[in-house]
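Here is entry_29.txt, consisting of compact mmCIF, C-alpha atoms:
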```
# COMPACT_ATOMS: atom_id res chain seq x y z
CA MET A 1 297.23 -20.61 90.23
CA ALA A 2 294.51 -21.49 92.74
CA ALA A 3 293.58 -17.81 93.09
CA LEU A 4 293.25 -17.44 89.36
CA ASN A 5 291.02 -20.45 89.10
CA LEU A 6 288.67 -19.01 91.76
CA ARG A 7 287.71 -16.03 89.50
CA GLN A 8 284.55 -16.75 87.56
CA PRO A 9 283.95 -15.32 84.04
CA PRO A 10 281.18 -12.67 83.74
CA PRO A 11 277.83 -13.70 82.37
CA GLU A 12 277.38 -13.60 78.63
CA ASP A 13 274.73 -10.87 78.71
CA GLU A 14 276.82 -8.58 80.97
CA TRP A 15 278.40 -6.85 77.99
CA VAL A 16 274.97 -6.00 76.59
CA HIS A 17 273.79 -4.53 79.89
CA THR A 18 276.97 -2.48 80.24
CA TYR A 19 276.62 -1.15 76.67
CA LEU A 20 273.01 -0.13 77.18
CA LYS A 21 273.92 1.51 80.48
CA LEU A 22 276.74 3.64 79.04
CA LEU A 23 275.08 4.41 75.69
CA PRO A 24 273.22 7.58 76.91
CA GLN A 25 276.54 8.96 78.15
CA TRP A 26 278.44 8.18 74.92
CA LYS A 27 275.86 9.63 72.54
CA PRO A 28 276.20 13.33 73.55
CA LEU A 29 279.97 12.91 73.59
CA ALA A 30 279.98 11.56 70.05
CA LEU A 31 277.73 14.36 68.81
CA SER A 32 279.92 17.00 70.42
CA HIS A 33 282.97 15.76 68.51
CA GLN A 34 280.98 15.82 65.24
CA SER A 35 280.10 19.49 65.13
CA MET A 36 278.34 21.27 62.29
CA ILE A 37 280.48 22.05 59.29
CA PRO A 38 280.49 25.82 58.84
CA ILE A 39 279.31 26.70 55.35
CA SER A 40 279.34 30.06 53.66
CA ILE A 41 276.70 30.81 51.05
CA SER A 42 277.60 33.65 48.72
CA ARG A 43 275.64 36.76 49.61
CA VAL A 44 275.84 37.91 45.99
CA ASN A 45 274.20 34.69 44.83
CA GLN A 46 271.34 35.16 47.27
CA PHE A 47 270.75 38.76 46.20
CA ASP A 48 270.99 37.78 42.53
CA ALA A 49 268.41 35.04 43.08
CA ALA A 50 265.97 37.55 44.59
CA ARG A 51 266.56 39.95 41.71
CA LEU A 52 266.01 37.21 39.13
CA ASP A 53 262.73 36.25 40.80
CA ILE A 54 261.57 39.87 40.53
CA GLU A 55 262.56 39.98 36.85
CA MET A 56 260.74 36.72 36.19
CA SER A 57 257.57 38.06 37.81
CA ALA A 58 257.86 41.27 35.75
CA MET A 59 258.21 39.25 32.53
CA LEU A 60 255.13 37.18 33.33
CA LYS A 61 253.21 40.34 34.18
CA GLU A 62 254.21 41.96 30.90
CA GLN A 63 253.00 38.98 28.89
CA LEU A 64 249.74 38.87 30.84
CA VAL A 65 249.14 42.58 30.28
CA LYS A 66 249.56 42.08 26.53
CA VAL A 67 246.71 39.56 26.61
CA PHE A 68 244.37 42.27 27.95
CA SER A 69 245.74 45.04 25.70
CA LEU A 70 242.59 45.06 23.53
CA MET A 71 240.26 45.54 26.46
CA LYS A 72 239.12 48.82 27.98
CA PRO A 73 242.12 51.04 28.80
CA GLY A 74 242.75 51.43 32.50
CA MET A 75 240.62 48.47 33.51
CA LEU A 76 243.60 46.27 34.32
CA PHE A 77 245.18 49.04 36.37
CA GLN A 78 242.40 48.75 38.95
CA TYR A 79 243.29 45.12 39.60
CA GLU A 80 247.07 45.44 39.53
CA PRO A 81 247.55 44.23 43.15
CA GLU A 82 245.42 41.16 42.41
CA LEU A 83 247.48 40.50 39.27
CA ASP A 84 250.76 40.73 41.19
CA ALA A 85 249.43 38.44 43.92
CA PHE A 86 248.24 35.91 41.34
CA LEU A 87 251.66 35.78 39.66
CA GLU A 88 253.45 35.44 42.99
CA PHE A 89 251.07 32.63 43.96
CA LEU A 90 251.81 30.79 40.71
CA ILE A 91 255.56 31.01 41.30
CA TRP A 92 255.09 29.77 44.87
CA ARG A 93 252.72 26.97 43.85
CA PHE A 94 255.03 25.45 41.23
CA SER A 95 258.30 25.97 43.09
CA ILE A 96 258.30 26.12 46.89
CA TRP A 97 255.10 24.12 47.44
CA VAL A 98 256.46 21.13 45.47
CA ASP A 99 259.94 21.32 47.08
CA LYS A 100 261.54 22.96 44.07
CA PRO A 101 263.58 26.17 43.98
CA THR A 102 262.21 29.37 42.53
CA PRO A 103 263.53 30.36 39.07
CA GLY A 104 266.10 32.71 40.58
CA ASN A 105 267.23 30.16 43.16
CA ALA A 106 267.50 27.48 40.48
CA LEU A 107 269.79 29.67 38.38
CA MET A 108 271.97 30.37 41.42
CA ASP A 109 271.93 26.68 42.53
CA LEU A 110 270.14 27.50 45.79
CA ARG A 111 267.35 25.80 47.73
CA TYR A 112 265.51 26.37 51.01
CA ARG A 113 266.46 24.32 54.05
CA ASP A 114 264.71 24.03 57.40
CA GLU A 115 267.37 25.37 59.73
CA ARG A 116 265.52 24.18 62.83
CA ALA A 117 265.98 20.51 61.85
CA MET A 118 269.77 20.92 61.60
CA GLU A 119 270.17 21.33 65.36
CA SER A 120 269.03 17.76 66.04
CA ARG A 121 270.71 16.21 63.01
CA GLY A 122 273.65 13.94 63.73
CA LYS A 123 275.16 12.87 60.41
CA VAL A 124 276.97 15.70 58.65
CA ARG A 125 279.14 15.35 55.55
CA THR A 126 279.22 18.58 53.53
CA GLY A 127 277.17 20.96 55.66
CA LEU A 128 274.57 21.26 52.89
CA GLU A 129 272.40 18.41 54.13
CA GLY A 130 269.07 19.06 55.64
CA PRO A 131 265.39 18.64 54.87
CA GLY A 132 263.38 21.15 52.92
CA LEU A 133 260.65 23.32 54.32
CA THR A 134 257.78 21.75 56.17
CA ILE A 135 254.17 22.16 55.05
CA ALA A 136 253.56 24.73 57.78
CA GLN A 137 256.60 26.76 56.69
CA LYS A 138 255.44 26.68 53.07
CA ILE A 139 251.95 27.88 53.96
CA TRP A 140 253.25 30.66 56.20
CA TYR A 141 255.69 31.66 53.46
CA CYS A 142 252.79 32.01 51.02
CA ILE A 143 250.71 33.96 53.54
CA ALA A 144 253.59 36.36 54.30
CA THR A 145 254.81 36.94 50.74
CA VAL A 146 251.66 36.71 48.64
CA GLY A 147 248.94 37.62 51.14
CA GLY A 148 251.00 40.12 53.11
CA GLN A 149 252.15 42.11 50.11
CA TYR A 150 248.66 42.12 48.58
CA THR A 151 247.00 43.24 51.82
CA TRP A 152 249.55 45.99 52.38
CA ALA A 153 249.26 47.27 48.79
CA ARG A 154 245.48 47.36 48.98
CA LEU A 155 245.52 49.05 52.38
CA GLN A 156 247.88 51.77 51.16
CA SER A 157 245.86 52.44 47.99
CA PHE A 158 242.59 52.52 49.91
CA SER A 159 243.95 54.89 52.56
CA ALA A 160 245.41 57.18 49.91
CA PHE A 161 242.14 57.18 47.94
CA ARG A 162 240.12 57.95 51.08
CA ARG A 163 242.67 60.63 52.04
CA TRP A 164 243.14 59.39 55.56
CA GLY A 165 246.24 61.53 55.93
CA ASP A 166 244.41 64.84 55.51
CA SER A 167 243.96 66.91 58.62
CA GLU A 168 240.28 67.50 57.77
CA GLN A 169 239.45 63.81 58.12
CA ARG A 170 237.79 62.41 61.23
CA PRO A 171 240.11 61.40 64.09
CA LEU A 172 239.67 57.65 63.54
CA ALA A 173 240.87 57.80 59.93
CA ARG A 174 243.73 60.08 60.93
CA ARG A 175 244.85 57.67 63.65
CA ALA A 176 244.67 54.75 61.22
CA TRP A 177 246.88 56.66 58.78
CA ILE A 178 249.42 57.43 61.51
CA LEU A 179 249.38 53.75 62.55
CA ILE A 180 250.05 52.66 58.97
CA GLN A 181 252.99 55.05 58.69
CA ARG A 182 254.46 53.84 61.97
CA VAL A 183 254.10 50.19 61.03
CA GLU A 184 255.79 50.88 57.72
CA GLY A 185 258.61 52.71 59.46
CA LEU A 186 259.13 49.88 61.95
CA TYR A 187 259.16 47.31 59.16
CA LYS A 188 261.75 49.28 57.19
CA ALA A 189 263.91 49.68 60.29
CA ALA A 190 263.68 45.95 61.04
CA SER A 191 264.48 45.14 57.40
CA PHE A 192 267.54 47.38 57.54
CA GLY A 193 268.70 45.70 60.74
CA ASN A 194 268.17 42.28 59.16
CA LEU A 195 270.20 43.43 56.14
CA LEU A 196 273.13 44.36 58.36
CA ILE A 197 272.95 40.98 60.10
CA PHE A 198 272.74 39.23 56.74
CA LEU A 199 275.81 41.03 55.43
CA TYR A 200 277.70 39.93 58.54
CA THR A 201 276.53 36.31 58.79
CA GLY A 202 275.27 35.49 55.28
CA ARG A 203 272.06 33.91 56.59
CA PHE A 204 268.39 34.92 56.05
CA ARG A 205 268.29 37.75 53.51
CA ASN A 206 264.86 39.02 54.64
CA LEU A 207 262.65 39.02 57.71
CA ILE A 208 260.32 36.31 56.42
CA GLU A 209 263.16 33.83 56.01
CA ARG A 210 264.52 34.69 59.47
CA VAL A 211 261.16 34.22 61.20
CA LEU A 212 260.46 30.93 59.40
CA GLN A 213 264.09 29.75 59.80
CA ALA A 214 264.21 29.05 56.05
CA ARG A 215 267.84 29.28 54.99
CA LEU A 216 269.17 29.29 51.47
CA VAL A 217 271.91 26.72 50.85
CA TYR A 218 273.49 25.28 47.74
CA GLY A 219 271.47 22.56 46.08
CA SER A 220 274.58 20.74 44.88
CA PRO A 221 278.12 21.33 46.15
CA ASN A 222 279.65 20.61 42.73
CA MET A 223 277.24 22.50 40.46
CA ASN A 224 278.47 25.61 38.68
CA ARG A 225 276.60 28.86 38.37
CA ALA A 226 273.99 28.91 35.61
CA VAL A 227 274.71 32.61 34.98
CA SER A 228 278.26 33.09 33.74
CA PHE A 229 280.55 35.77 35.11
CA GLU A 230 281.00 37.16 31.59
CA TYR A 231 277.30 37.91 31.33
CA MET A 232 277.23 39.41 34.83
CA ASN A 233 280.21 41.65 34.09
CA ARG A 234 278.61 42.85 30.86
CA GLN A 235 275.37 43.53 32.70
CA LEU A 236 277.18 45.48 35.42
CA VAL A 237 279.03 47.57 32.82
CA TRP A 238 275.82 48.50 31.03
CA ASN A 239 274.07 49.33 34.30
CA GLU A 240 276.90 51.61 35.40
CA PHE A 241 277.05 53.22 31.95
CA SER A 242 273.31 53.95 31.97
CA GLU A 243 273.52 55.42 35.48
CA MET A 244 276.41 57.62 34.37
CA LEU A 245 274.36 58.89 31.41
CA LEU A 246 271.40 59.62 33.67
CA LEU A 247 273.74 61.67 35.85
CA LEU A 248 275.49 63.58 33.04
CA LEU A 249 272.66 64.27 30.60
CA PRO A 250 270.89 66.86 32.78
CA LEU A 251 274.21 68.68 33.18
CA LEU A 252 274.83 69.02 29.45
CA ASN A 253 273.82 72.21 27.65
CA SER A 254 271.56 71.50 24.69
CA SER A 255 272.91 74.42 22.71
CA SER A 256 276.50 73.25 23.09
CA VAL A 257 275.51 69.75 22.02
CA LYS A 258 273.73 71.09 18.94
CA LYS A 259 276.74 73.21 18.10
CA PHE A 260 279.03 70.21 18.44
CA LEU A 261 276.80 68.04 16.21
CA SER A 262 276.02 70.70 13.62
CA PRO A 263 279.13 70.00 11.44
CA PHE A 264 277.98 66.38 11.10
CA SER A 265 274.49 67.33 9.94
CA LYS A 266 273.50 66.13 6.46
CA ASP A 267 271.17 68.97 5.51
CA LYS A 268 273.57 71.90 5.45
CA SER A 269 271.24 74.36 3.72
CA SER A 270 268.30 73.92 6.06
CA SER A 271 270.51 73.95 9.15
CA SER A 272 272.27 77.15 8.05
CA LYS A 273 268.92 78.83 7.42
CA VAL A 274 267.65 77.83 10.84
CA ASP A 275 270.88 79.03 12.45
CA ASP A 276 270.55 82.44 10.79
CA ASP A 277 267.03 82.86 12.15
CA THR A 278 267.80 81.87 15.75
CA CYS A 279 269.89 83.41 18.46
CA PRO A 280 273.23 81.58 18.89
CA ILE A 281 272.96 81.87 22.66
CA CYS A 282 269.39 80.78 23.54
CA GLN A 283 268.62 79.00 20.23
CA ALA A 284 265.29 80.81 19.96
CA ILE A 285 263.91 83.32 17.47
CA PRO A 286 264.86 86.79 18.76
CA THR A 287 261.93 88.96 19.90
CA ILE A 288 264.10 92.10 19.85
CA PRO A 289 266.72 91.26 17.20
CA PHE A 290 270.12 92.92 17.29
CA LEU A 291 273.14 92.40 15.04
CA SER A 292 276.64 91.84 16.30
CA LEU A 293 279.31 93.89 14.60
CA PRO A 294 281.27 93.31 12.50
CA CYS A 295 280.01 89.74 11.75
CA GLN A 296 276.33 90.80 11.33
CA HIS A 297 274.91 87.73 13.11
CA ARG A 298 271.49 88.14 14.70
CA TYR A 299 270.98 87.87 18.50
CA CYS A 300 268.42 88.57 21.13
CA TYR A 301 269.09 91.99 22.62
CA TYR A 302 269.19 90.74 26.21
CA CYS A 303 271.31 87.69 25.35
CA LEU A 304 273.92 89.72 23.49
CA ARG A 305 273.94 92.61 25.97
CA THR A 306 274.32 90.42 29.07
CA ARG A 307 276.96 88.21 27.46
CA CYS A 308 279.02 91.20 26.32
CA ALA A 309 278.67 92.82 29.75
CA ALA A 310 279.83 89.65 31.47
CA THR A 311 282.68 88.97 29.01
CA PRO A 312 284.34 92.08 27.52
CA SER A 313 286.21 89.97 24.96
CA PHE A 314 283.10 88.11 23.85
CA ARG A 315 283.39 86.30 20.52
CA CYS A 316 280.56 85.26 18.24
CA PRO A 317 279.78 81.53 18.69
CA ARG A 318 279.16 81.09 14.96
CA CYS A 319 282.19 82.70 13.40
CA GLY A 320 284.53 83.30 16.31
CA GLU A 321 285.06 87.01 15.61
CA PRO A 322 285.16 89.42 18.56
CA VAL A 323 282.02 91.52 19.00
CA VAL A 324 282.98 95.18 19.19
CA ALA A 325 279.50 96.72 18.79
CA MET A 326 275.82 95.87 18.36
CA GLN A 327 273.14 97.33 16.08
CA ARG A 328 269.36 96.95 15.97
CA HIS A 329 268.26 94.68 13.17
CA GLY A 330 266.60 96.64 10.37
CA GLY A 331 267.10 99.95 12.21
CA LEU A 332 269.01 103.10 11.20
CA ALA A 333 270.45 103.76 14.66
CA GLY A 334 274.15 104.03 15.01
CA ASN A 335 276.42 101.50 16.51
CA THR A 336 276.25 100.85 20.24
CA ASN A 337 279.12 99.73 22.37
CA PRO A 338 277.92 96.50 24.06
CA ASN A 339 280.21 96.93 27.03
CA GLN A 340 278.68 100.23 28.11
```
Output the file's structure in the form of structure tokens.
Amino acid sequence: MAALNLRQPPPEDEWVHTYLKLLPQWKPLALSHQSMIPISISRVNQFDAARLDIEMSAMLKEQLVKVFSLMKPGMLFQYEPELDAFLEFLIWRFSIWVDKPTPGNALMDLRYRDERAMESRGKVRTGLEGPGLTIAQKIWYCIATVGGQYTWARLQSFSAFRRWGDSEQRPLARRAWILIQRVEGLYKAASFGNLLIFLYTGRFRNLIERVLQARLVYGSPNMNRAVSFEYMNRQLVWNEFSEMLLLLLPLLNSSSVKKFLSPFSKDKSSSSKVDDDTCPICQAIPTIPFLSLPCQHRYCYYCLRTRCAATPSFRCPRCGEPVVAMQRHGGLAGNTNPNQ
């Protein structure tokens, strides 16, 4: 009991000194246990947002062109790069500059976040937290998107107008043209590499966002898509259908299509008269008319002769009867075997 009584209690402020001494060691340990929540932003949403922004800019441009429709034709075409830059600046000014999403990002429930600030951020709940872009990031975004695209478009049009790529030009212009082509090739290669990285990680869909560390994240974790899946499916179906038509239409034969649609024609008399005057094979008026026997339908000599030579059992496309001979139209010559 005497030994226990000899021990003195610690001073009252000893706990405070011990806490302040160990606090720098506890803080990194606490942050290491609270790691970043991995979030996955839909790649389709990010691509759709970019596409919607392009469509919005095209709609604004169309309405602005209608305003100048009564002016001198071709005058607005000279200032098309300036018009595109002005519309892009308006979208940037009333969206990104005031910490609001672009129209496409708003429809996809996306916003820009400064990814550099997330490395030093301690409190994490959903993984979507984080400040917006800084003023410097906004200004550089405007310079890269609006100013960069305008400068590049003007440089390409000026070099093409001055014909820098011609071999007859002076060496300085030729070197400038080669430099422009190489820069464009390097940019496309870098953009393709960034696309592959984006498809793998889902972060930074273009080079500008990667350089500025401006990442697209969801604005609200509980907000639904503004564009319904039903509308997107219908849009995809129509796009695929139009691409299929663009692929198949050049492969279709116009004469076969006319033949297929001829029974549904309303004006039977006029169509039959036109059919009698034209060649059933090339659908043109025969320059050297010949008649197929025994059906007496009129053909071009070369069309009928080559078709009968290629197909011995050739049948008339109009009546379906086999052609056994051919005769000159209006002539008194005897019958000619088309297969000879």
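Using only C-alpha atoms for every distance, the candidate list A:Ala176, A:Met118, A:Ala106, A:Ile54 yields A:Ile54 as the residue closest to A:Leu87.
Note that the spacing between atom CA of A:Gly104 and atom CA of A:Ala50 amounts to 6.3 Å.
In terms of minimum interatomic distance to A:Leu128, A:Pro221 ranks closest within A:Pro221, A:Pro101, A:Pro81, A:Gly148, counting only C-alpha atoms.
Picture a line from atom CA of A:Gly147 to atom CA of A:Ser57; it runs 15.9 Å.
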A:Ile208 surroundings by all atoms listed in the file, 8 Å radius, close-in-sequence under 2 positions cut, as an MDAnalysis selection string: chainID A and resid 141 144:145 206 210:212
Residue among A:Arg315, A:Lys100, A:Arg111, A:His329 lying closest to A:Ala214, counting all atoms listed in the file: A:Arg111
Atom pair atom CA of A:Asn45 / atom CA of A:Met59: separation (Å): 20.7 Å
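For the point (242.7, 40.7, 43.2), the residues with at least one atom inside 12 Å, counting all atoms listed in the file, are A:Leu76, A:Phe77, A:Gln78, A:Tyr79, A:Glu80, A:Pro81, A:Glu82, A:Leu83, A:Asp84, A:Ala85, A:Phe86, A:Leu87, A:Glu88, A:Phe89, A:Val146, A:Gly147, A:Gln149, A:Tyr150, A:Thr151, A:Ala153, A:Arg154.
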Selection above as a file: C-alpha atoms, as a short mmCIF file (atom, residue, chain, number, x, y, z; two decimals), in the frame of the given file:
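Once everything was written out, this is again-v1.cif:
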```
data_model
loop_
_atom_site.label_atom_id
_atom_site.label_comp_id
_atom_site.auth_asym_id
_atom_site.auth_seq_id
_atom_site.Cartn_x
_atom_site.Cartn_y
_atom_site.Cartn_z
CA LEU A 76 243.60 46.27 34.32
CA PHE A 77 245.18 49.04 36.37
CA GLN A 78 242.40 48.75 38.95
CA TYR A 79 243.29 45.12 39.60
CA GLU A 80 247.07 45.44 39.53
CA PRO A 81 247.55 44.23 43.15
CA GLU A 82 245.42 41.16 42.41
CA LEU A 83 247.48 40.50 39.27
CA ASP A 84 250.76 40.73 41.19
CA ALA A 85 249.43 38.44 43.92
CA PHE A 86 248.24 35.91 41.34
CA LEU A 87 251.66 35.78 39.66
CA GLU A 88 253.45 35.44 42.99
CA PHE A 89 251.07 32.63 43.96
CA VAL A 146 251.66 36.71 48.64
CA GLY A 147 248.94 37.62 51.14
CA GLN A 149 252.15 42.11 50.11
CA TYR A 150 248.66 42.12 48.58
CA THR A 151 247.00 43.24 51.82
CA ALA A 153 249.26 47.27 48.79
CA ARG A 154 245.48 47.36 48.98
#
```
Which centre and which edge lengths, in Å to one decimal, describe the axis-aligned box that holds all listed atoms of stretch 283-291 of chain A after 6 Å is added on each side, as lines of an AutoDock Vina configuration file?
```
center_x = 267.5
center_y = 86.0
center_z = 17.6
size_x = 23.2
size_y = 25.9
size_z = 17.2
```
